[in-house]
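Student: My questions will all concern the structure given below.
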Amino acid sequence: NAGVTQTPKFRVLKTGQSMTLLCAQDMNHEYMYWYRQDPGMGLRLIHYSVGEGTTAKGEVPDGYNVSRLKKQNFLLGLESAAPSQTSVYFCASSYVEEGSFNEQFFGPGTRLTVL
Amino acid sequence: RKEVEQDPGPFNVPEGATVAFNCTYSNSASQSFFWYRQDCRKEPKLLMSVYSSGNEDGRFTAQLNRASQYISLLIRDSKLSDSATYLCVAEGGSYIPTFGRGTSLIVHP
């Protein structure tokens with residue numbers, strides 16, 4: 001099992017460019033999440049999904065869009081990148097068992113720089 | 001105010017020391033709690049779940065105090081390899097976890 005994978009690992013964009021980050025998981029998890037992590041800020045939730053075809057806003061959704069067309073994939077889009085979106089982006093997946101929330105499994109991260 | 005709060009540290013301790021971290025959460029409806037470990041520039045990884053009765057895994061012990069709404073992590077006999085950032089997590093309903101900003105631990109020889 002690959003677990004959670006993220007593509008790409010690194011990217012440099014110019015202001016105004018667009019890009020899509022791909023997250024894939026092979027554990028059949030219902031829940032998937034996108035976070036950004038900045039120095040001193042911890043992990044902040046951007047968007048999340050509770051199942052195929054569903055998405056919802058997290059703590060810092062502005063400037064991002066997401067889609068979950070397939071259960072195993074969760075895409076994060078930046079339509080017009082800004083320097084404030086320079087960050088490390090982590091994807092995670094999780095599952096619920098007998099009503100209890102379980103651990104999240106994280107991808108290795110995407111390091112994005114917007115010039 | 002952040003829903004999950006941790007002392008950012010750094011906690012600077014010698015090898016062999018015992019160190020404890022506390023974390024407070026504001027959502028009394030929180031049901032699931034975790035400690036994650038994050039090494040520099042890497043993804044967080046689960047260290048241990050925190051159960052109501054407390055739990056121990058080798059040198060690590062986690063406790064939950066629902067009345068005071070805090071969880072703790074105790075590390076005994078610290079190793080150099082324990083140096084990392086420790087993230088406290090509380091799941092407050094709807095299966096959306098909230099992360100603390102992390103506590104930095106540096107173990108020196």
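Quick note on naming: the chains in the structure tokens go A, B, ... in the order shown, residues restart at 1 in each chain, and ligands are numbered from 1 in order of appearance.
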Quick one: residues within 12 Å of Asn65 in chain B, only C-alpha atoms, excluding same-chain residues fewer than 4 positions away - as an MDAnalysis selection string?
Tutor: chainID B and resid 22:25 28 30:31 33 50:54 69:73
Student: For range 23-40 of chain A, find every residue with an atom within 8 Å (counting only C-alpha atoms), except residues of its own chain fewer than 3 positions away, and show them as a VMD selection string.
Tutor: (chain A and resid 1 to 7 43 to 52 71 to 76 87 to 95 107) or (chain B and resid 101)
Student: Could you list, as a PyMOL selection string, the residues of chain B having an atom within 12 Å of chain A when counting only C-alpha atoms?
Tutor: chain B and resi 2-9+30-51+85-104
Student: By how many Å are CA of Arg76 in chain B and CA of Asp57 in chain B apart?
Tutor: 10.8 Å
Student: So, with only C-alpha atoms as the atoms that count, which of B:Phe11, B:Ala20, B:Ala84, B:Ser26 lies closest to Ala62 in chain B?
Tutor: B:Ala20
Student: Could you pull out the strand (DSSP E) residues of range 3-92 of chain A from DSSP and send them as a PyMOL selection string?
Tutor: chain A and resi 4-7+10-13+19-25+31-38+42-49+56-57+64-67+73-78+87-92
Student: Considering only C-alpha atoms, can you say which of B:Asn27, B:Pro109, B:Asn12, B:Phe21 comes closest to Ala67 in chain B?
Tutor: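 The answer is B:Asn27, which sits nearest to Ala67 in chain B.
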Student: Any idea what the distance is between CA of Gly58 in chain B and CA of Leu105 in chain B?
Tutor: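 According to the coordinates, CA of Gly58 in chain B and CA of Leu105 in chain B are separated by 18.1 Å.
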Student: Residues near Val19 in chain B, anyone? I mean within 8 Å using only C-alpha atoms, not counting same-chain ones fewer than 2 positions away, as an mmCIF file with all heavy atoms, in the first residue's frame.
Tutor:
data_model
loop_
_atom_site.group_PDB
_atom_site.id
_atom_site.type_symbol
_atom_site.label_atom_id
_atom_site.label_comp_id
_atom_site.auth_asym_id
_atom_site.auth_seq_id
_atom_site.Cartn_x
_atom_site.Cartn_y
_atom_site.Cartn_z
ATOM 1 N N VAL B 13 16.032 19.614 26.691
ATOM 2 C CA VAL B 13 16.299 18.693 27.800
ATOM 3 C C VAL B 13 17.490 17.798 27.479
ATOM 4 O O VAL B 13 17.765 17.528 26.307
ATOM 5 C CB VAL B 13 15.061 17.817 28.112
ATOM 6 C CG1 VAL B 13 13.848 18.692 28.429
ATOM 7 C CG2 VAL B 13 14.750 16.861 26.986
ATOM 8 N N ALA B 17 16.298 12.558 30.350
ATOM 9 C CA ALA B 17 15.343 13.339 31.147
ATOM 10 C C ALA B 17 13.911 12.901 30.876
ATOM 11 O O ALA B 17 13.612 12.259 29.876
ATOM 12 C CB ALA B 17 15.495 14.819 30.831
ATOM 13 N N PHE B 21 4.382 17.450 28.258
ATOM 14 C CA PHE B 21 3.690 18.507 27.524
ATOM 15 C C PHE B 21 2.212 18.469 27.887
ATOM 16 O O PHE B 21 1.635 17.389 28.004
ATOM 17 C CB PHE B 21 3.798 18.291 26.001
ATOM 18 C CG PHE B 21 5.174 18.073 25.492
ATOM 19 C CD1 PHE B 21 5.434 17.114 24.533
ATOM 20 C CD2 PHE B 21 6.241 18.849 25.948
ATOM 21 C CE1 PHE B 21 6.713 16.916 24.036
ATOM 22 C CE2 PHE B 21 7.520 18.651 25.458
ATOM 23 C CZ PHE B 21 7.754 17.680 24.502
ATOM 24 N N LEU B 74 3.716 12.443 28.336
ATOM 25 C CA LEU B 74 4.916 12.297 29.160
ATOM 26 C C LEU B 74 5.906 11.431 28.408
ATOM 27 O O LEU B 74 5.546 10.351 27.927
ATOM 28 C CB LEU B 74 4.561 11.641 30.493
ATOM 29 C CG LEU B 74 5.703 11.443 31.491
ATOM 30 C CD1 LEU B 74 6.055 12.780 32.141
ATOM 31 C CD2 LEU B 74 5.326 10.429 32.559
ATOM 32 N N ILE B 75 7.132 11.906 28.291
ATOM 33 C CA ILE B 75 8.192 11.125 27.651
ATOM 34 C C ILE B 75 9.253 10.859 28.695
ATOM 35 O O ILE B 75 9.834 11.792 29.269
ATOM 36 C CB ILE B 75 8.813 11.890 26.458
ATOM 37 C CG1 ILE B 75 7.734 12.294 25.449
ATOM 38 C CG2 ILE B 75 9.881 11.019 25.784
ATOM 39 C CD1 ILE B 75 8.262 13.153 24.297
ATOM 40 N N ARG B 76 9.500 9.594 28.954
ATOM 41 C CA ARG B 76 10.533 9.205 29.926
ATOM 42 C C ARG B 76 11.814 8.821 29.198
ATOM 43 O O ARG B 76 11.775 8.391 28.034
ATOM 44 C CB ARG B 76 10.048 8.017 30.753
ATOM 45 C CG ARG B 76 8.927 8.324 31.718
ATOM 46 C CD ARG B 76 8.508 7.047 32.492
ATOM 47 N NE ARG B 76 7.986 6.029 31.591
ATOM 48 C CZ ARG B 76 6.745 6.012 31.143
ATOM 49 N NH1 ARG B 76 5.888 6.948 31.513
ATOM 50 N NH2 ARG B 76 6.348 5.064 30.319
ATOM 51 N N SER B 78 14.357 10.380 27.757
ATOM 52 C CA SER B 78 14.416 11.015 26.440
ATOM 53 C C SER B 78 15.643 10.584 25.647
ATOM 54 O O SER B 78 16.746 10.460 26.186
ATOM 55 C CB SER B 78 14.441 12.544 26.599
ATOM 56 O OG SER B 78 13.275 13.003 27.212
#
